[in-house]
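K.L.:
Dumping the structure here so I can ask a few things about it.
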Amino acid sequence: MSSFSTHVLDAAAGAPATGVPVTLTRVDGPTSTVLASGTTDDDGRWRAPESAALTAGVLHRITFETPSDFFPEVSIAFRPQRTDRHHHVPLLLSPYSYSTYLGS
């Protein structure tokens, strides 16, 4: 099992996005299991607890409830292939766009 974290940056303000609600789920066919949820800290970061370990080869989803009127929710689906590493998926957010990548 591998660990997970995220970092939300408000690209328009050039600052971390604090207090953003985050939910991490594992998708098992037609059902989803919430692994963990919380909010980003003062630096825009959130780390899932160790009990919310990712499973290799299984679809997972990180969902952000954003302060944007146009994108009130951002959902990123990913499938980790390794269990021997930490997975970091940042979100760069602006009022009319967002971007993500596999971080380190």
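Residues in the structure tokens are numbered from 1 in each chain, the chains being A, B, ... in the order shown, and ligands are numbered from 1 in the order shown.
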For range 32-48 of chain A, list every protein, DNA or RNA residue within 12 Å, evaluated using only C-alpha atoms, and leave out those in the same chain fewer than 4 positions away; present the list as JSON, numbers by chain.
P.N.:
{"A": [2, 3, 4, 5, 6, 7, 8, 9, 10, 11, 14, 15, 16, 17, 18, 19, 20, 21, 22, 23, 24, 25, 26, 27, 28, 52, 53, 54, 55, 58, 59, 60, 61, 62, 63, 64, 65, 66, 86, 87, 88, 89, 90, 91, 92, 93]}
K.L.:
Hey, can you spit out that residue selection with C-alpha atoms as an mmCIF file, in the first residue's frame?
P.N.:
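Contents of the output file part.cif:
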```cif
data_model
loop_
_atom_site.group_PDB
_atom_site.id
_atom_site.type_symbol
_atom_site.label_atom_id
_atom_site.label_comp_id
_atom_site.auth_asym_id
_atom_site.auth_seq_id
_atom_site.Cartn_x
_atom_site.Cartn_y
_atom_site.Cartn_z
ATOM 1 C CA SER A 2 1.262 3.512 -0.681
ATOM 2 C CA SER A 3 0.658 6.903 0.907
ATOM 3 C CA PHE A 4 -0.966 9.987 -0.617
ATOM 4 C CA SER A 5 -0.802 13.776 -0.328
ATOM 5 C CA THR A 6 -1.911 16.837 -2.265
ATOM 6 C CA HIS A 7 -1.157 20.548 -2.429
ATOM 7 C CA VAL A 8 -3.675 23.100 -3.749
ATOM 8 C CA LEU A 9 -2.291 26.348 -5.128
ATOM 9 C CA ASP A 10 -4.436 29.328 -6.070
ATOM 10 C CA ALA A 11 -2.656 30.366 -9.267
ATOM 11 C CA GLY A 14 -0.176 33.230 -6.185
ATOM 12 C CA ALA A 15 -0.804 31.624 -2.800
ATOM 13 C CA PRO A 16 -1.796 28.319 -1.215
ATOM 14 C CA ALA A 17 -5.522 27.538 -1.221
ATOM 15 C CA THR A 18 -6.387 27.041 2.438
ATOM 16 C CA GLY A 19 -9.452 25.317 3.842
ATOM 17 C CA VAL A 20 -10.327 23.421 0.647
ATOM 18 C CA PRO A 21 -12.355 20.258 1.448
ATOM 19 C CA VAL A 22 -10.685 17.119 0.027
ATOM 20 C CA THR A 23 -12.023 13.551 -0.268
ATOM 21 C CA LEU A 24 -9.974 10.514 -1.305
ATOM 22 C CA THR A 25 -11.915 7.479 -2.547
ATOM 23 C CA ARG A 26 -11.131 4.042 -3.938
ATOM 24 C CA VAL A 27 -13.374 3.000 -6.846
ATOM 25 C CA ASP A 28 -14.278 -0.697 -6.740
ATOM 26 C CA ALA A 52 -5.949 5.418 3.796
ATOM 27 C CA ALA A 53 -3.224 3.655 1.833
ATOM 28 C CA LEU A 54 -3.587 3.394 -1.932
ATOM 29 C CA THR A 55 -3.853 0.042 -3.690
ATOM 30 C CA VAL A 58 -7.003 0.113 -8.531
ATOM 31 C CA LEU A 59 -8.778 3.322 -9.599
ATOM 32 C CA HIS A 60 -8.759 6.097 -6.986
ATOM 33 C CA ARG A 61 -10.277 9.572 -7.037
ATOM 34 C CA ILE A 62 -9.331 12.774 -5.242
ATOM 35 C CA THR A 63 -12.142 15.351 -5.150
ATOM 36 C CA PHE A 64 -11.754 19.000 -4.179
ATOM 37 C CA GLU A 65 -14.644 21.328 -3.300
ATOM 38 C CA THR A 66 -13.150 24.509 -4.706
ATOM 39 C CA HIS A 86 4.452 8.044 -1.942
ATOM 40 C CA HIS A 87 1.962 9.591 -4.410
ATOM 41 C CA HIS A 88 1.593 13.370 -4.477
ATOM 42 C CA VAL A 89 -1.066 14.891 -6.795
ATOM 43 C CA PRO A 90 -1.079 18.721 -6.661
ATOM 44 C CA LEU A 91 -3.865 20.939 -7.993
ATOM 45 C CA LEU A 92 -3.159 24.324 -9.586
ATOM 46 C CA LEU A 93 -6.405 26.252 -9.479
#
```
K.L.:
DSSP on the backbone, then: every residue of range 39-70 of chain A marked strand (DSSP E or B), written as a list in words.
P.N.:
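Secondary structure check on range 39-70 of chain A, strand (DSSP E or B): Thr39, Arg45, Trp46, Arg47, Leu54, His60, Arg61, Ile62, Thr63, Phe64 and Glu65 of chain A.
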K.L.:
At what distance in Å, to one decimal, does CA of Leu102 in chain A lie from CA of Pro67 in chain A?
P.N.:
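Computing it gives 22.7 Å between the two atoms.
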K.L.:
Identify which of the residues A:Pro95, A:Gly103, A:Pro80, A:Pro30 lies closest to Gly57 in chain A, counting only C-alpha atoms when measuring atom-to-atom distances.
P.N.:
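Answer, going by the shortest atom-to-atom distance: A:Pro80.
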K.L.:
Smallest atom-to-atom distance to Asp69 in chain A: which of A:Gly29, A:Ser94, A:Glu50, A:Thr100, using only C-alpha atoms?
P.N.:
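For Asp69 in chain A, the nearest of the given residues is A:Ser94.
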K.L.:
Tell me which of A:Ser99, A:Ser104, A:Ser51, A:Thr31 sits closest to Val74 in chain A, counting only C-alpha atoms.
P.N.:
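Using only C-alpha atoms, the shortest distance to Val74 in chain A belongs to A:Ser99.
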